[in-house]
>>> print(open('query_12.tsv').read())   # TSV, C-alpha atoms
chain	number	residue	atom	x	y	z
A	1	MET	CA	0.00	0.00	0.00
A	2	SER	CA	1.38	3.43	-0.82
A	3	PRO	CA	1.08	6.34	1.61
A	4	ASP	CA	-1.46	7.87	-0.77
A	5	THR	CA	-3.92	5.08	-0.06
A	6	ARG	CA	-3.58	5.32	3.74
A	7	ALA	CA	-6.42	7.79	3.96
A	8	THR	CA	-8.81	5.30	2.43
A	9	ALA	CA	-7.71	2.26	4.46
A	10	THR	CA	-10.49	0.97	6.70
A	11	TRP	CA	-8.52	-1.33	9.01
A	12	PRO	CA	-7.95	1.39	11.64
A	13	ASP	CA	-11.72	1.92	11.84
A	14	GLU	CA	-12.27	-1.82	12.07
A	15	ILE	CA	-9.79	-2.09	14.94
A	16	TYR	CA	-11.47	0.88	16.62
A	17	SER	CA	-14.82	-0.93	16.43
A	18	VAL	CA	-13.29	-3.95	18.16
A	19	LEU	CA	-11.93	-1.72	20.92
A	20	VAL	CA	-15.40	-0.24	21.41
A	21	ASP	CA	-16.99	-3.70	21.47
A	22	GLU	CA	-14.41	-4.89	23.97
A	23	LYS	CA	-15.24	-1.95	26.29
A	24	ILE	CA	-11.76	-0.46	26.17
A	25	ARG	CA	-11.72	2.60	28.45
A	26	GLN	CA	-8.06	3.62	28.62
A	27	VAL	CA	-5.97	4.10	25.50
A	28	ALA	CA	-2.26	4.63	26.15
A	29	TYR	CA	-0.18	5.71	23.19
A	30	VAL	CA	2.98	7.26	21.92
A	31	PRO	CA	2.08	9.19	18.77
A	32	ASP	CA	2.74	7.09	15.68
A	33	ALA	CA	2.09	7.57	11.98
A	34	GLY	CA	0.66	4.07	11.49
A	35	HIS	CA	-1.77	4.47	14.40
A	36	THR	CA	-2.79	8.04	13.57
A	37	ARG	CA	-6.35	7.31	12.56
A	38	LEU	CA	-6.97	4.84	15.40
A	39	ILE	CA	-5.59	7.32	17.95
A	40	ASP	CA	-7.77	10.08	16.52
A	41	ARG	CA	-10.87	7.88	16.73
A	42	CYS	CA	-10.10	6.95	20.34
A	43	ARG	CA	-9.41	10.56	21.31
A	44	ALA	CA	-12.78	11.56	19.88
A	45	ASN	CA	-14.67	8.98	21.97
A	46	PRO	CA	-15.76	10.46	25.31
A	47	ASP	CA	-15.98	6.96	26.81
A	48	MET	CA	-12.25	6.46	26.22
A	49	LYS	CA	-9.45	8.17	28.10
A	50	ALA	CA	-6.65	8.62	25.57
A	51	VAL	CA	-3.36	9.15	27.38
A	52	MET	CA	-0.26	10.36	25.60
A	53	LEU	CA	2.89	8.79	27.03
A	54	THR	CA	6.50	9.92	27.00
A	55	THR	CA	7.70	6.33	26.62
A	56	GLU	CA	5.85	3.10	25.95
A	57	GLU	CA	6.72	1.40	29.23
A	58	GLU	CA	4.56	3.97	31.01
A	59	GLY	CA	1.61	2.35	29.26
A	60	ILE	CA	2.33	-1.11	30.69
A	61	ALA	CA	2.20	0.35	34.20
A	62	MET	CA	-0.81	2.55	33.48
A	63	LEU	CA	-2.88	-0.32	32.14
A	64	ALA	CA	-2.00	-2.41	35.20
A	65	GLY	CA	-3.46	0.40	37.28
A	66	ALA	CA	-6.48	0.55	35.00
A	67	TRP	CA	-7.18	-3.15	35.55
A	68	LEU	CA	-6.73	-2.79	39.31
A	69	GLY	CA	-9.40	-0.11	39.09
A	70	GLY	CA	-11.75	-2.21	36.96
A	71	GLU	CA	-11.10	-0.78	33.50
A	72	ARG	CA	-9.79	-2.35	30.32
A	73	GLY	CA	-7.13	-0.63	28.26
A	74	VAL	CA	-5.00	-0.89	25.16
A	75	LEU	CA	-1.43	0.23	24.43
A	76	LEU	CA	-0.68	1.56	20.95
A	77	MET	CA	2.89	1.85	19.76
A	78	GLN	CA	5.29	1.09	16.96
A	79	SER	CA	7.90	-1.64	16.99
A	80	SER	CA	10.67	0.67	18.20
A	81	GLY	CA	8.62	1.16	21.38
A	82	VAL	CA	8.64	-2.54	22.20
A	83	GLY	CA	12.27	-2.28	23.20
A	84	ASN	CA	11.34	0.35	25.77
A	85	CYS	CA	8.91	-2.03	27.48
A	86	ILE	CA	10.95	-5.10	28.30
A	87	ASN	CA	11.46	-4.87	32.08
A	88	MET	CA	8.03	-3.31	32.64
A	89	LEU	CA	6.42	-6.26	30.87
A	90	SER	CA	7.36	-8.29	33.95
A	91	LEU	CA	4.62	-6.38	35.79
A	92	ALA	CA	2.05	-7.78	33.38
A	93	THR	CA	3.43	-11.30	33.23
A	94	VAL	CA	4.27	-11.78	36.93
A	95	CYS	CA	0.91	-10.41	38.12
A	96	ARG	CA	-0.97	-11.82	35.12
A	97	PHE	CA	-2.49	-8.49	34.22
A	98	PRO	CA	-4.49	-8.52	31.01
A	99	LEU	CA	-2.48	-6.44	28.54
A	100	LEU	CA	-3.47	-5.72	24.95
A	101	MET	CA	-0.81	-4.12	22.78
A	102	LEU	CA	-1.25	-3.11	19.14
A	103	VAL	CA	2.14	-2.65	17.49
A	104	THR	CA	2.63	-1.09	14.07
A	105	MET	CA	5.69	-2.66	12.52
A	106	ARG	CA	8.59	-0.73	11.07
A	107	GLY	CA	11.85	-2.09	9.80
A	108	GLU	CA	10.50	-4.99	7.79
A	109	TRP	CA	8.65	-4.36	4.48
A	110	GLY	CA	10.45	-1.86	2.26
A	111	GLU	CA	11.87	0.08	5.19
A	112	PHE	CA	14.04	3.01	4.11
A	113	ASN	CA	15.41	3.85	7.58
A	114	PRO	CA	18.11	1.42	8.71
A	115	TRP	CA	17.68	2.53	12.33
A	116	GLN	CA	14.24	0.90	12.39
A	117	ILE	CA	15.51	-2.51	11.35
A	118	PRO	CA	16.86	-3.78	14.71
A	119	MET	CA	13.50	-3.49	16.48
A	120	GLY	CA	11.65	-4.52	13.34
A	121	LYS	CA	13.57	-7.77	13.39
A	122	GLY	CA	13.69	-8.03	17.17
A	123	THR	CA	10.10	-7.30	18.09
A	124	PRO	CA	8.55	-10.77	17.59
A	125	PRO	CA	11.22	-12.81	19.45
A	126	ILE	CA	11.66	-10.17	22.16
A	127	LEU	CA	7.94	-10.17	22.93
A	128	GLU	CA	7.89	-13.97	22.88
A	129	GLN	CA	10.86	-14.13	25.26
A	130	ALA	CA	9.15	-11.64	27.58
A	131	GLY	CA	6.16	-13.94	27.86
A	132	VAL	CA	3.76	-12.10	25.55
A	133	LEU	CA	1.36	-13.98	23.25
A	134	VAL	CA	2.14	-12.64	19.78
A	135	HIS	CA	-0.45	-12.28	17.02
A	136	ARG	CA	0.11	-10.78	13.59
A	137	ILE	CA	-1.90	-9.01	10.91
A	138	ASP	CA	-0.29	-9.53	7.51
A	139	HIS	CA	-3.32	-8.46	5.47
A	140	ALA	CA	-5.81	-5.72	6.29
A	141	ALA	CA	-8.72	-8.17	6.01
A	142	GLU	CA	-7.39	-10.00	9.11
A	143	ALA	CA	-7.55	-6.94	11.36
A	144	THR	CA	-10.89	-7.45	13.08
A	145	GLU	CA	-10.57	-11.14	13.86
A	146	THR	CA	-6.97	-10.83	15.01
A	147	VAL	CA	-7.57	-7.94	17.40
A	148	GLN	CA	-10.69	-9.68	18.71
A	149	ALA	CA	-8.73	-12.85	19.35
A	150	ALA	CA	-5.93	-10.99	21.13
A	151	ALA	CA	-8.36	-8.96	23.25
A	152	ARG	CA	-10.23	-12.07	24.31
A	153	ILE	CA	-7.15	-13.98	25.32
A	154	ALA	CA	-5.85	-10.92	27.16
A	155	PHE	CA	-8.99	-10.10	29.12
A	156	ASN	CA	-10.47	-13.57	29.53
A	157	SER	CA	-7.25	-15.47	30.24
A	158	ASP	CA	-5.38	-12.68	32.06
A	159	ARG	CA	-2.41	-12.60	29.69
A	160	ALA	CA	-0.26	-10.12	27.83
A	161	ALA	CA	-1.10	-10.26	24.12
A	162	ALA	CA	0.35	-8.24	21.26
A	163	VAL	CA	-0.92	-7.77	17.73
A	164	LEU	CA	1.83	-6.89	15.27
A	165	ILE	CA	0.42	-4.98	12.30
A	166	ALA	CA	2.71	-5.65	9.35
A	167	GLN	CA	4.42	-2.74	7.68
A	168	ARG	CA	2.97	-4.03	4.43
A	169	VAL	CA	-0.52	-3.32	5.84
A	170	ILE	CA	0.38	0.13	7.11
A	171	GLY	CA	2.24	1.28	4.04
A	172	THR	CA	5.90	2.05	3.67
A	173	LYS	CA	6.80	5.52	4.82
A	174	ALA	CA	8.18	7.62	1.99
A	175	PHE	CA	10.17	10.82	2.34
A	176	LYS	CA	9.72	12.88	-0.79
B	1	MET	CA	22.93	21.27	50.12
B	2	SER	CA	20.33	22.11	52.71
B	3	ALA	CA	19.96	20.81	56.26
B	4	THR	CA	20.32	17.12	57.07
B	5	PRO	CA	16.91	15.40	57.07
B	6	THR	CA	15.41	14.40	60.41
B	7	LEU	CA	12.19	12.60	59.38
B	8	GLU	CA	12.26	8.79	59.58
B	9	ARG	CA	10.79	6.89	56.64
B	10	ARG	CA	8.66	4.41	58.58
B	11	ALA	CA	7.10	7.18	60.67
B	12	VAL	CA	6.43	9.18	57.49
B	13	MET	CA	4.66	6.25	55.82
B	14	ARG	CA	2.58	5.60	58.95
B	15	LYS	CA	1.36	9.20	58.81
B	16	LEU	CA	0.66	9.05	55.08
B	17	VAL	CA	-1.73	6.12	55.52
B	18	ALA	CA	-3.07	6.74	59.05
B	19	ASP	CA	-6.87	6.68	59.15
B	20	ARG	CA	-6.73	5.95	55.44
B	21	GLY	CA	-10.44	5.50	54.87
B	22	ASP	CA	-10.98	4.24	51.32
B	23	LEU	CA	-7.55	5.39	50.09
B	24	LEU	CA	-5.93	3.26	47.34
B	25	VAL	CA	-2.15	3.03	47.82
B	26	VAL	CA	0.63	2.12	45.40
B	27	PRO	CA	4.18	2.02	46.82
B	28	GLY	CA	7.31	1.55	44.71
B	29	LEU	CA	9.50	-1.53	44.76
B	30	GLY	CA	11.89	-1.89	47.68
B	31	SER	CA	11.80	0.28	50.77
B	32	THR	CA	8.43	1.97	50.25
B	33	THR	CA	6.77	-1.43	49.82
B	34	TYR	CA	8.32	-2.56	53.13
B	35	ASP	CA	7.39	0.76	54.77
B	36	LEU	CA	3.78	0.39	53.67
B	37	ALA	CA	3.63	-3.20	54.89
B	38	ALA	CA	5.12	-2.10	58.23
B	39	ALA	CA	2.47	0.60	58.54
B	40	GLY	CA	-0.20	-2.10	58.35
B	41	ASP	CA	-1.18	-4.56	55.67
B	42	HIS	CA	-4.30	-3.67	53.69
B	43	PRO	CA	-5.92	-5.27	50.64
B	44	LEU	CA	-5.98	-1.87	48.92
B	45	ASN	CA	-2.17	-1.74	48.91
B	46	PHE	CA	-0.66	-2.80	45.60
B	47	TYR	CA	2.84	-3.83	46.68
B	48	LEU	CA	5.51	-3.79	44.01
B	49	TRP	CA	8.53	-6.07	43.94
B	50	GLY	CA	9.69	-4.97	40.50
B	51	ALA	CA	8.52	-2.71	37.64
B	52	MET	CA	10.96	0.00	38.70
B	53	GLY	CA	9.83	3.37	37.38
B	54	GLY	CA	6.20	2.27	37.07
B	55	ALA	CA	4.58	3.23	40.39
B	56	ALA	CA	3.36	6.70	39.39
B	57	MET	CA	1.87	5.38	36.14
B	58	ILE	CA	0.11	2.53	37.95
B	59	GLY	CA	-1.36	5.27	40.12
B	60	LEU	CA	-2.48	7.23	37.07
B	61	GLY	CA	-4.26	4.26	35.49
B	62	LEU	CA	-5.93	3.50	38.81
B	63	ALA	CA	-6.94	7.13	39.36
B	64	LEU	CA	-8.47	7.37	35.88
B	65	ALA	CA	-10.39	4.13	36.42
B	66	GLN	CA	-11.63	5.16	39.89
B	67	PRO	CA	-12.30	8.90	39.72
B	68	LYS	CA	-14.31	8.85	42.95
B	69	ARG	CA	-11.54	7.27	44.98
B	70	ARG	CA	-8.37	8.90	46.22
B	71	VAL	CA	-5.12	7.32	44.97
B	72	LEU	CA	-1.78	7.74	46.75
B	73	VAL	CA	1.49	6.69	45.14
B	74	ALA	CA	4.23	6.62	47.78
B	75	THR	CA	7.52	5.70	46.17
B	76	GLY	CA	11.23	6.30	46.54
B	77	ASP	CA	13.54	8.77	44.84
B	78	GLY	CA	15.39	6.08	42.87
B	79	GLU	CA	12.13	4.57	41.64
B	80	MET	CA	10.75	7.95	40.60
B	81	LEU	CA	13.99	8.92	38.86
B	82	MET	CA	13.64	5.86	36.62
B	83	GLY	CA	10.25	7.01	35.36
B	84	LEU	CA	10.40	10.80	35.30
B	85	GLY	CA	8.40	10.98	32.09
B	86	ALA	CA	5.38	9.97	34.16
B	87	LEU	CA	5.42	13.45	35.69
B	88	ALA	CA	4.77	14.95	32.25
B	89	THR	CA	2.13	12.34	31.43
B	90	ILE	CA	0.33	12.94	34.73
B	91	ALA	CA	0.55	16.71	34.31
B	92	VAL	CA	-1.18	16.48	30.92
B	93	GLN	CA	-3.99	14.32	32.37
B	94	GLN	CA	-4.49	16.42	35.53
B	95	PRO	CA	-6.18	13.65	37.55
B	96	LYS	CA	-7.93	15.36	40.46
B	97	ASN	CA	-7.75	12.26	42.67
B	98	LEU	CA	-4.05	11.38	42.37
B	99	ALA	CA	-1.22	12.26	44.73
B	100	VAL	CA	2.36	11.15	44.16
B	101	VAL	CA	4.76	11.29	47.09
B	102	VAL	CA	8.48	10.59	46.89
B	103	ILE	CA	10.00	9.48	50.18
B	104	ASP	CA	13.43	10.82	49.40
B	105	ASN	CA	16.39	9.36	51.30
B	106	GLU	CA	18.78	10.35	48.51
B	107	ARG	CA	19.84	6.70	48.33
B	108	TYR	CA	19.24	3.42	46.52
B	109	ALA	CA	18.53	1.58	49.77
B	110	GLU	CA	17.82	-1.79	48.18
B	111	THR	CA	21.23	-2.10	46.57
B	112	GLY	CA	23.34	-0.83	49.46
B	113	LEU	CA	22.47	2.82	50.14
B	114	GLN	CA	24.36	4.23	47.17
B	115	GLU	CA	23.60	7.89	46.52
B	116	THR	CA	20.94	8.86	44.00
B	117	HIS	CA	20.89	12.02	41.93
B	118	THR	CA	18.91	13.79	44.66
B	119	ALA	CA	21.98	13.57	46.90
B	120	HIS	CA	23.67	15.79	44.34
B	121	GLY	CA	21.10	18.55	44.09
B	122	CYS	CA	18.57	17.02	41.71
B	123	ASP	CA	15.18	18.39	42.77
B	124	ILE	CA	12.36	16.04	41.77
B	125	ALA	CA	9.73	18.43	43.12
B	126	GLY	CA	11.13	21.11	40.84
B	127	MET	CA	10.91	18.69	37.93
B	128	ALA	CA	7.28	17.92	38.79
B	129	ALA	CA	6.47	21.63	38.83
B	130	SER	CA	8.23	22.15	35.53
B	131	ALA	CA	6.32	19.20	34.06
B	132	GLY	CA	3.11	21.11	34.75
B	133	ILE	CA	1.92	19.72	38.09
B	134	LYS	CA	0.57	22.72	39.96
B	135	SER	CA	0.32	21.46	43.54
B	136	VAL	CA	3.93	20.64	44.43
B	137	HIS	CA	5.36	20.43	47.94
B	138	SER	CA	8.79	19.86	49.47
B	139	VAL	CA	8.64	18.54	53.02
B	140	ARG	CA	11.49	18.39	55.53
B	141	THR	CA	9.83	18.83	58.94
B	142	GLU	CA	7.10	17.29	61.06
B	143	ALA	CA	5.09	20.50	60.76
B	144	GLU	CA	5.29	20.43	56.96
B	145	LEU	CA	4.31	16.76	56.94
B	146	ALA	CA	1.30	17.49	59.16
B	147	THR	CA	0.20	20.12	56.63
B	148	LEU	CA	0.77	17.86	53.66
B	149	VAL	CA	-1.20	14.79	54.76
B	150	PRO	CA	-4.70	16.36	54.59
B	151	LEU	CA	-3.84	17.90	51.22
B	152	LEU	CA	-2.99	14.46	49.86
B	153	ARG	CA	-6.42	13.22	50.91
B	154	GLN	CA	-8.59	16.18	49.98
B	155	ALA	CA	-7.00	18.89	47.84
B	156	PRO	CA	-7.59	18.80	44.08
B	157	GLY	CA	-4.88	16.81	42.33
B	158	PRO	CA	-2.61	16.05	40.84
B	159	ILE	CA	-0.46	16.65	43.90
B	160	PHE	CA	3.24	15.93	44.05
B	161	ALA	CA	5.47	16.00	47.11
B	162	THR	CA	8.96	15.03	48.11
B	163	ILE	CA	9.58	14.18	51.75
B	164	LYS	CA	13.22	14.16	52.78
B	165	VAL	CA	14.02	11.34	55.20
B	166	THR	CA	17.12	9.99	56.93
B	167	PRO	CA	19.01	7.34	54.96
B	168	ASP	CA	18.58	4.54	57.47
B	169	ARG	CA	17.52	1.08	56.48
B	170	PRO	CA	14.89	-0.28	58.85
B	171	PRO	CA	14.28	-4.04	59.10
B	172	PHE	CA	12.53	-5.69	56.17
B	173	VAL	CA	8.82	-6.26	56.53
B	174	LEU	CA	8.10	-8.89	53.94
B	175	LEU	CA	4.57	-9.85	52.99
B	176	SER	CA	3.60	-11.88	49.96
B	177	ASN	CA	5.57	-11.24	46.78
B	178	ASP	CA	3.00	-13.15	44.71
B	179	GLY	CA	1.84	-10.60	42.16
B	180	VAL	CA	-1.26	-12.52	41.14
B	181	TYR	CA	-2.40	-12.72	44.77
B	182	ILE	CA	-1.68	-9.03	45.45
B	183	LYS	CA	-3.56	-8.04	42.28
B	184	ASN	CA	-6.58	-10.25	42.88
B	185	ARG	CA	-6.82	-9.29	46.53
B	186	PHE	CA	-6.80	-5.61	45.57
B	187	ARG	CA	-9.44	-6.06	42.87
B	188	GLU	CA	-11.70	-8.10	45.09
B	189	ALA	CA	-11.51	-5.49	47.85
B	190	LEU	CA	-12.20	-2.66	45.42
B	191	LEU	CA	-14.55	-4.21	42.88
B	192	GLY	CA	-16.08	-7.24	44.56
B	193	THR	CA	-15.86	-10.71	43.17
B	194	ALA	CA	-17.44	-10.17	39.74
B	195	PRO	CA	-15.15	-11.57	37.06
B	196	GLY	CA	-13.83	-9.39	34.24
B	197	ALA	CA	-13.61	-5.64	34.23
>>> encode(input="query_12.tsv", output="structure tokens")
Amino acid sequence: MSPDTRATATWPDEIYSVLVDEKIRQVAYVPDAGHTRLIDRCRANPDMKAVMLTTEEEGIAMLAGAWLGGERGVLLMQSSGVGNCINMLSLATVCRFPLLMLVTMRGEWGEFNPWQIPMGKGTPPILEQAGVLVHRIDHAAEATETVQAAARIAFNSDRAAAVLIAQRVIGTKAFK
Amino acid sequence: MSATPTLERRAVMRKLVADRGDLLVVPGLGSTTYDLAAAGDHPLNFYLWGAMGGAAMIGLGLALAQPKRRVLVATGDGEMLMGLGALATIAVQQPKNLAVVVIDNERYAETGLQETHTAHGCDIAGMAASAGIKSVHSVRTEAELATLVPLLRQAPGPIFATIKVTPDRPPFVLLSNDGVYIKNRFREALLGTAPGA
């Protein structure tokens, strides 16, 4: 997908609908190009508290607090942010907090920025090693069912679950 | 550097949670978890044994989820220094029911009382104010502590305070370190036994 077609992509709206259906109340995010539309939708929903973070690990802790207080949340980030979360993920896995993370991938499909490649390559095994259940969306048509599945395993089985959204789905960033 | 602290950390924590009512309390890993346990175990304490740098953000998520309850984060200077970005995140959210207190001994007590940055002039309260938190307090005396405690319970948040304490290392008070138990006990006390959120 080229950047020009991003505006017409519907997968962010489909993921948003899943978050509404799953009664997500806290949305923690570090601003990200791939998640722009989803973040905007969440920010516009008065039933959701959209919280801008300075670093992704804040979101792991915040969503633990949300669950302690009886609310469900989601953490939105890009693959580079996964590296910032590693020790804090122990909070989710040791205490078995439900944790739903939606990760837009960089550094894999047609990446132009070499600095994105380490966490693009590292994100799946690092999450696996940290004890997170890793799901993946390789085609936009899989978005709804994949986020539903991850949300259900997170909130019904008290686990940390991530959905990696392939760079091919998001569109390769172009600097022109 | 200013005068040597005289407040003792265990006595400070006892005052922070005395007559706590329905207060929800999140300490940081290490000394503040032991201090809180020593002040009296309570199901609405969420003890941390790890997740360094996360206490204030756990407090934010809890405060946003429970806007009618008062949330107190009582952590250490080393723990807060590891997650300073939380001050900016909290300042943007302006949760009215959240207070964050740093019990500041200017040391990493858990690893052998090595000095932290606050022993060298780093002012976390100043950082909180610069982050945009409007109610910021620096406490060094019993009188200042007596003034602070009711603010933490009643004044509009977010509130941030540092309380300078002596760098002693009182005996460990070790309760369960089972995170699943601590989490479920907290949720049951707060939310009842209904499954899910």
>>> closest_residue(input="query_12.tsv", among="A:Arg37, A:Lys49, A:Arg168, A:Arg159", to="chain B", atoms="all atoms listed in the file")
A:Lys49
>>> atom_distance(input="query_12.tsv", atom1="atom CA of Ile182 of chain B", atom2="atom CA of Ala51 of chain B")
14.3 Å
>>> interface_residues(input="query_12.tsv", of="chain A", to="chain B", cutoff="12 Å", atoms="only C-alpha atoms", output="PyMOL selection string")
chain A and resi 22-30+47-74+84-98+152+154-159
>>> residues_around(input="query_12.tsv", residues="Ala141 of chain A", least_positions_apart="5", cutoff="10 Å", atoms="all atoms listed in the file", output="list of chain:residue names")
A:Thr10, A:Trp11, A:Glu14, A:Thr146, A:Val169
>>> residues_around(input="query_12.tsv", residues="Lys96 of chain B", least_positions_apart="3", cutoff="6 Å", atoms="only C-alpha atoms", output="ChimeraX atom specification")
/B:156-158
>>> atom_distance(input="query_12.tsv", atom1="atom CA of Glu79 of chain B", atom2="atom CA of Phe160 of chain B")
14.6 Å
>>> residues_around(input="query_12.tsv", residues="Pro27 of chain B", least_positions_apart="3", cutoff="8 Å", atoms="only C-alpha atoms", output="list in words")
Thr32, Thr33, Leu36, Asn45, Phe46, Tyr47, Leu48, Ala55, Val73, Ala74 and Thr75 of chain B
>>> atom_distance(input="query_12.tsv", atom1="atom CA of Thr123 of chain A", atom2="atom CA of Leu75 of chain A")
15.2 Å
>>> residues_around(input="query_12.tsv", residues="Lys15 of chain B", least_positions_apart="4", cutoff="9 Å", atoms="only C-alpha atoms", output="ChimeraX atom specification")
/B:10-11,19,39,145-146,149
